[in-house]
Amino acid sequence: MPETVVRLAVGDFRDRVRRPAYAVVLIAAVGLGYLATPAPESDWVVMQVGDYRGTYNSAYTGMVVALAATVWLPLGGFYVVRNAIARDEATGVGRLLATTPLRTWTYLIAKFLSSVLVLASMLGVLAVTALVMQWARGETMAVDPVRLLSPFVSIALPLMALTAAAALLFETIPPLRAGLGNVLWFFVWTVLVLAGQSPHAPLGGIGVHSVVQSLGAGLAEQGIDPGTAGEFSLGLTQIQEPLKTFDWQGFDPDAAFLLGRYALVAIALGLALLPVLWFPRFDPARGRGLRAPASGLLLNPAAGTASGGAVPAATGLPVAGVRDDRAEARPAAFANPPRTPVTYGSPALRLLAGEVRILVQGIPLWWWAGVLVLAVASQMVTPATGVTRILLPVAWIWPVLIWSRLGTQRHEHGVEALLGACPAVRSRTAAEWGAGFLLTAAAGIGPALRMVTGADTQGLVHWFLGALFIPSFALLLGTLSRTHRLFQFAYLPLWYGTVNGLAAVDFMGAIRADDGSPAGLPPVFLAAAVVVMLSVVFLSGAARRATS
Amino acid sequence: MLELVDITKVYRGGKRAVDAVTMRLETGMLGLLGPNGAGKSSLMRIASTVTRPTGGRVLFHGTDVVARPGALRRSLGYLPQDFGVYPNLTSREFLSYLAAAKGLSVRSARARIDELLQLVNLTEAVKRPLGTYSGGMLRRVGIAQALLADPEVVIVDEPTAGLDPEERVRFRNLLSELAADRVVMLSTHIVSDVESVASDIAVVAQGRLLRRGSPQDLLAAVEGQVWEVLVDPGDLPDVQRRQLVSRMLRTAGGVRVRLLAQGLPYGGAEQVTPELEDAYLAIVNRAGQPYAPSASDRSAGWR
């Protein structure tokens with residue numbers, strides 16, 4: 001049985017690493033490694049102990065890159081590996097596997113292992129990057145492979161296992177399978193990373209606290225009082241002055257620490273196996289709920305069936321759910337084609353209406369009720385400028401799953417095959433953006449009205465620019481990636497930064513200066529960003545058509 | 001009316017899907033026949049302006065539509081082999097959206113959608129979201145969208161796949177009717193789909209145009225080369241290795257084999273009237289090789 005698991009996992013891993021997206025993931029991993037080991041004169045750090053950082057020897061370089069991976073890979077990596085089961089549905093391989101004697105738990109463990117392998121391969125690239133960066137920084141040329149690699153194995157890898165298990169678990173829970181799961185994971189990750197660094201975190205949290213203690217001991221050995229050195233910081237921080245350095249010879253995990261890591265892996269295994277209780281094994285009759293909410297239909301003539309799933313055209317997909325064929329009456333005749341003469345008109349408004357319909361298709365009533373509640377609540381805020389601090393960000397996180405459809409739907413539903421032969425390509429793109437703008441404006445209408453009644457002109461200008469920015473950003477990322485995930489992955493940190501008062505990323509005018517004026521991104525910058533993003537959308541569309 | 005001049009398509013990775021194909025299409029139906037992977041779909045996508053060729057020109061009324069695709073797109077009805085729909089829209093909403101994309105006026109779109117829904121017999125299902133439609137119903141939605149703009153050129157790629165036999169016949173008849181005053185280009189690998197309706201057949205394989213002509217022309221080319229012979233089941237592998245077999249039927253006395261050969265292949269073989277399938281097999285299998293297929297070629301394929 002272990003052999004079966006390994007062969008399945010390796011086969012799945014091969015399929016994943018041979019996709020072009022994997023190269024992008026590895027490049028991102030290299031970028032993270034570079035970011036984690038900035039040059040001494042750089043104005044950012046990923047890890048610092050107050051005013052200090054370690055000399056770039058193998059122990060410190062390995063640790064800082066591994067901790068960067070521990071913090072950031074569970075976020076990015078989750079979005080990378082959360083299609084383990086979806087790929088099998090999309091390609092139809094799942095149905096083939098379902099008819100084999102393969103046990104469900106074996107399948108799930110193999111998928112889990114494959115995801116761990118993907119994330120571990122990213123760690124491998126990061127480890128190599130750490131080595132290269134140690135040499136590139138040139139502060140210590142001697143390499144201690146054990147010190148360099150052990151943080152990746154003992155600290156980062158268990159978190160990767162946990163991430164892989166969470167991704168698999170989310171995939172098997174219908175409501176969490178698509179965008180909602182992506183959004184939820186962002187918040188889970190935030191809690192995991194922040195609370196996991198606490199000294200009181202169960203099982204040693206994400207393992208950082210023990211490292212902090214070791215770093216403190218390293219400082220003390222060199223006569224620096226850790227209590228006065230300043231606070232430990234892990235993430236991505238801007239610094240005013242270069243940090244001072246100290247020598248740190250590495251972290252020797254004790255038995256309790258290792259036990260905590262083993263426990264994390266055990267929890268991960270448990271989470272990965274939990275879906276055994278409900279996994280429908282690609283049975284459409286049982287797995288109706290497994291369909292992604294935004295999934296489309298693709299006509300697969302070879303099979304003569306309509307199929308559901310969020311994948312490009314040309315792939316036959318499983319029918320999820322039983323279709324109602326009662327109304328499929330026998331065609332009386334395909335005779336006498338219509339002869340009503342065709343006249344042409346200006347289709348701009350109908351295109352816009354069509355795109356709005358397509359964008360908001362399938363949105364439940366409670367979603368609109370939420371918009372209404374926010375609109376009403378906004379009118380009660382005093383002073384008017386106060387509406388931007390909480391209610392505007394809430395209003396503009398509400399449609400995040402719908403925005404992420406922009407730029408993806410034609411491809412996702414396979415309609416591109418029909419639209420490719422239609423005229424007015426640019427008008428359709430413009431209409432799609434217009435639909436996104438209208439949705440953004442509708443979601444934020446409450447705060448906007450309050451700004452109008454409160455004569456908050458500056459706020460309105462920023463609101464308007466935010467309403468231009470968001471659909472442009474979504475359309476750009478959707479057009480380039482053709483997936484919902486990239487926008488969800490990129491928008492949430494921007495939004496979270498804004499909510500947490502980070503003026504440098506405030507694109508909606510949420511943060512106010514003492515005099516009440518918006519303190520976020522300058523209007524000119526936002527307007528220019530919108531122009532650039534839309535230009536890229538139109539140019540990439542033309543380039544794609546030219547190279548199709 | 002529609003002219004493909006020296007069309008070549010080489011995909012990334014070097015695969016040459018279409019190789020210097022030239023053909024002119026006038027009013028009537030052209031049936032494009034070829035095995036899977038022959039380049040039919042690539043050629044159809046190029047003809048319908050979806051894919052840009054690596055080389056060559058597509059002319060519509062003399063205008064190069066590779067450079068100016070809009071000239072053809074307004075007059076084009078295209079039904080691709082694979083296509084999707086927005087699952088939460090109804091058929092009317094979906095067709096209305098496509099009518100806007102094609103630039104039809106409101107009144108014209110409304111009238112034609114009504115007529116087309118009737119034509120494909122979807123009026124009863126018109127209020128249901130497309131996500132609840134069966135494969136055959138979706139195929140009919142595809143047919144309706146192809147005819148939205150009363151196209152001068154209709155390009156349909158494997159259109160009858162997914163339709164039941166009755167629907168296939170009806171759809172073929174519809175295409176035949178459309179071809180009375182339009183250019184219709186129909187691609188398929190099912191010989192029976194074209195033999196009853198296409199007056200003009202083009203056979204492609206490995207991206208190249210191998211033969212073009214009327215069904216009678218194609219049949220004439222294999223006249224006297226189609227045989228039937230009764231063989232012992234034990235000899236069947238050897239017959240398949242040596243000859244191009246188009247059909248086999250097990251009978252009480254042995255296996256009745258229909259095969260293509262330029263001369264009498266076996267004693268007792270009877271010459272029979274060629275069918276289009278025989279002609280097609282002969283053309284495809286003779287491409288770039290001597291008529292009698294080599295043992296390795298035959299053994300590599302399906303038998």
# chains A, B, ... in the order shown; residues from 1 in each chain; ligands from 1
call {"tool": "residues_around", "arguments": {"residues": "segment 39-46 of chain B", "least_positions_apart": "3", "cutoff": "8 Å", "atoms": "only C-alpha atoms", "output": "ChimeraX atom specification"}}
result
/B:9,17-18,32-34,36,49-53,58,80-81,155-157,187-188,204-208
call {"tool": "write_last_selection", "arguments": {"atoms": "C-alpha atoms", "output": "CSV table (one decimal), in the first residue's frame"}}
result
chain,number,residue,atom,x,y,z
B,9,LYS,CA,-0.2,26.8,-39.0
B,17,ALA,CA,-1.1,21.4,-37.9
B,18,VAL,CA,-1.8,22.9,-41.3
B,32,LEU,CA,-13.9,18.6,-44.8
B,33,LEU,CA,-13.0,15.0,-44.0
B,34,GLY,CA,-9.9,13.7,-42.2
B,36,ASN,CA,-8.4,12.8,-35.9
B,49,THR,CA,-10.7,34.1,-37.7
B,50,VAL,CA,-10.4,32.5,-34.3
B,51,THR,CA,-6.8,31.4,-34.9
B,52,ARG,CA,-4.2,33.4,-36.9
B,53,PRO,CA,-2.3,31.3,-39.4
B,58,VAL,CA,-7.8,34.1,-45.7
B,80,PRO,CA,-16.8,25.0,-32.9
B,81,GLN,CA,-16.2,21.4,-31.8
B,155,ILE,CA,-18.4,27.0,-40.4
B,156,VAL,CA,-19.3,24.0,-38.3
B,157,ASP,CA,-16.7,21.7,-36.7
B,187,SER,CA,-15.7,19.3,-40.8
B,188,THR,CA,-16.0,15.8,-39.6
B,204,VAL,CA,-7.0,16.4,-45.3
B,205,ALA,CA,-4.5,14.4,-43.3
B,206,GLN,CA,-1.3,15.5,-41.5
B,207,GLY,CA,-2.2,19.1,-42.1
B,208,ARG,CA,-2.2,18.7,-45.9
call {"tool": "residues_around", "arguments": {"residues": "Ala68 of chain A", "least_positions_apart": "6", "cutoff": "8 Å", "atoms": "only C-alpha atoms", "output": "list of chain:residue names"}}
result
A:Leu32, A:Gly33, A:Ala36, A:Val46, A:Met47, A:Leu234, A:Gly235
call {"tool": "write_last_selection", "arguments": {"atoms": "C-alpha atoms", "output": "PDB file, in the first residue's frame"}}
result
ATOM      1  CA  LEU A  32      11.262  35.105  -1.605  1.00  0.00           C
ATOM      2  CA  GLY A  33      14.747  33.789  -0.834  1.00  0.00           C
ATOM      3  CA  ALA A  36      14.696  37.305   2.947  1.00  0.00           C
ATOM      4  CA  VAL A  46      12.202  39.912   6.761  1.00  0.00           C
ATOM      5  CA  MET A  47      13.617  39.084  10.189  1.00  0.00           C
ATOM      6  CA  LEU A 234       9.268  38.406  11.289  1.00  0.00           C
ATOM      7  CA  GLY A 235       7.412  39.272   8.121  1.00  0.00           C
TER       8      GLY A 235
END
call {"tool": "select_by_dssp", "arguments": {"residues": "segment 1-197 of chain B", "states": "strand (DSSP E)", "output": "PyMOL selection string"}}
result
chain B and resi 2-10+16-25+28-33+55-60+63-64+76-79+83-85+153-157+183-188
call {"tool": "atom_distance", "arguments": {"atom1": "atom CA of Leu108 of chain A", "atom2": "atom CA of Arg16 of chain A"}}
result
16.2 Å
call {"tool": "closest_residue", "arguments": {"among": "B:Leu210, B:Val257, B:Ala20, B:Leu174", "to": "Val231 of chain B", "atoms": "only C-alpha atoms"}}
result
B:Val257
call {"tool": "residues_around", "arguments": {"residues": "Leu123 of chain A", "least_positions_apart": "5", "cutoff": "9 Å", "atoms": "only C-alpha atoms", "output": "list in words"}}
result
Ala29, Ala66, Ala69, Leu73, Val118, Val128, Phe152, Val153, Ala156, Leu157 and Met160 of chain A
call {"tool": "closest_atom_pairs", "arguments": {"of": "chain B", "to": "chain A", "cutoff": "7 Å", "atoms": "only C-alpha atoms", "output": "Markdown table"}}
result
| residue | atom | partner | partner_atom | distance |
| --- | --- | --- | --- | --- |
| B:Ser48 | CA | A:Ala421 | CA | 6.0 |
| B:Thr49 | CA | A:Ala421 | CA | 5.9 |
| B:Val50 | CA | A:Gly420 | CA | 5.0 |
| B:Thr51 | CA | A:Ser548 | CA | 5.4 |
| B:Arg52 | CA | A:Ser548 | CA | 6.2 |
| B:Gly70 | CA | A:Pro423 | CA | 5.5 |
| B:Arg73 | CA | A:Cys422 | CA | 5.4 |
| B:Arg74 | CA | A:Pro423 | CA | 6.5 |
| B:Tyr78 | CA | A:Ala421 | CA | 6.8 |
| B:Pro80 | CA | A:Ala417 | CA | 6.5 |
| B:Gln81 | CA | A:Pro301 | CA | 6.9 |
| B:Asp82 | CA | A:Leu299 | CA | 5.7 |
| B:Phe83 | CA | A:Gly414 | CA | 5.3 |
| B:Gly84 | CA | A:Gly414 | CA | 4.1 |
| B:Val85 | CA | A:Val415 | CA | 5.5 |
| B:Tyr86 | CA | A:Gly296 | CA | 6.1 |
| B:Pro87 | CA | A:Gly296 | CA | 5.4 |
| B:Asn88 | CA | A:Gln361 | CA | 5.7 |
| B:Tyr97 | CA | A:Gly354 | CA | 5.3 |
| B:Ala100 | CA | A:Pro347 | CA | 5.1 |
| B:Ala101 | CA | A:Cys422 | CA | 6.3 |
| B:Lys102 | CA | A:Cys422 | CA | 5.6 |
| B:Gly103 | CA | A:Pro347 | CA | 5.5 |
| B:Leu104 | CA | A:Tyr344 | CA | 4.3 |
| B:Ser105 | CA | A:Gly345 | CA | 4.2 |
| B:Ser108 | CA | A:Val342 | CA | 5.6 |
| B:Arg112 | CA | A:Thr340 | CA | 6.4 |
| B:Glu115 | CA | A:Pro338 | CA | 5.8 |
| B:Leu116 | CA | A:Pro338 | CA | 6.6 |
| B:Leu119 | CA | A:Phe334 | CA | 5.6 |
| B:Val120 | CA | A:Phe334 | CA | 6.0 |
| B:Asn121 | CA | A:Pro331 | CA | 5.1 |
| B:Glu124 | CA | A:Ala327 | CA | 6.6 |
| B:Ala125 | CA | A:Ala327 | CA | 5.9 |
| B:Gly131 | CA | A:Leu297 | CA | 6.5 |
| B:Thr132 | CA | A:Arg323 | CA | 5.4 |
| B:Tyr133 | CA | A:Arg323 | CA | 6.7 |
| B:Ser134 | CA | A:Ala306 | CA | 5.9 |
| B:Gly135 | CA | A:Thr305 | CA | 4.0 |
| B:Gly136 | CA | A:Gly304 | CA | 6.8 |
| B:Met137 | CA | A:Glu328 | CA | 6.8 |
| B:Ala149 | CA | A:Val342 | CA | 6.2 |
| B:Asp150 | CA | A:Val342 | CA | 6.5 |
| B:Ala161 | CA | A:Pro301 | CA | 4.9 |
| B:Gly162 | CA | A:Gly304 | CA | 3.6 |
| B:Leu163 | CA | A:Gly304 | CA | 7.0 |
| B:Arg170 | CA | A:Phe334 | CA | 5.4 |
| B:Phe171 | CA | A:Phe334 | CA | 5.8 |
| B:Leu174 | CA | A:Phe334 | CA | 5.5 |
call {"tool": "atom_distance", "arguments": {"atom1": "atom CA of Gly77 of chain B", "atom2": "atom CA of Ala431 of chain A"}}
result
22.6 Å
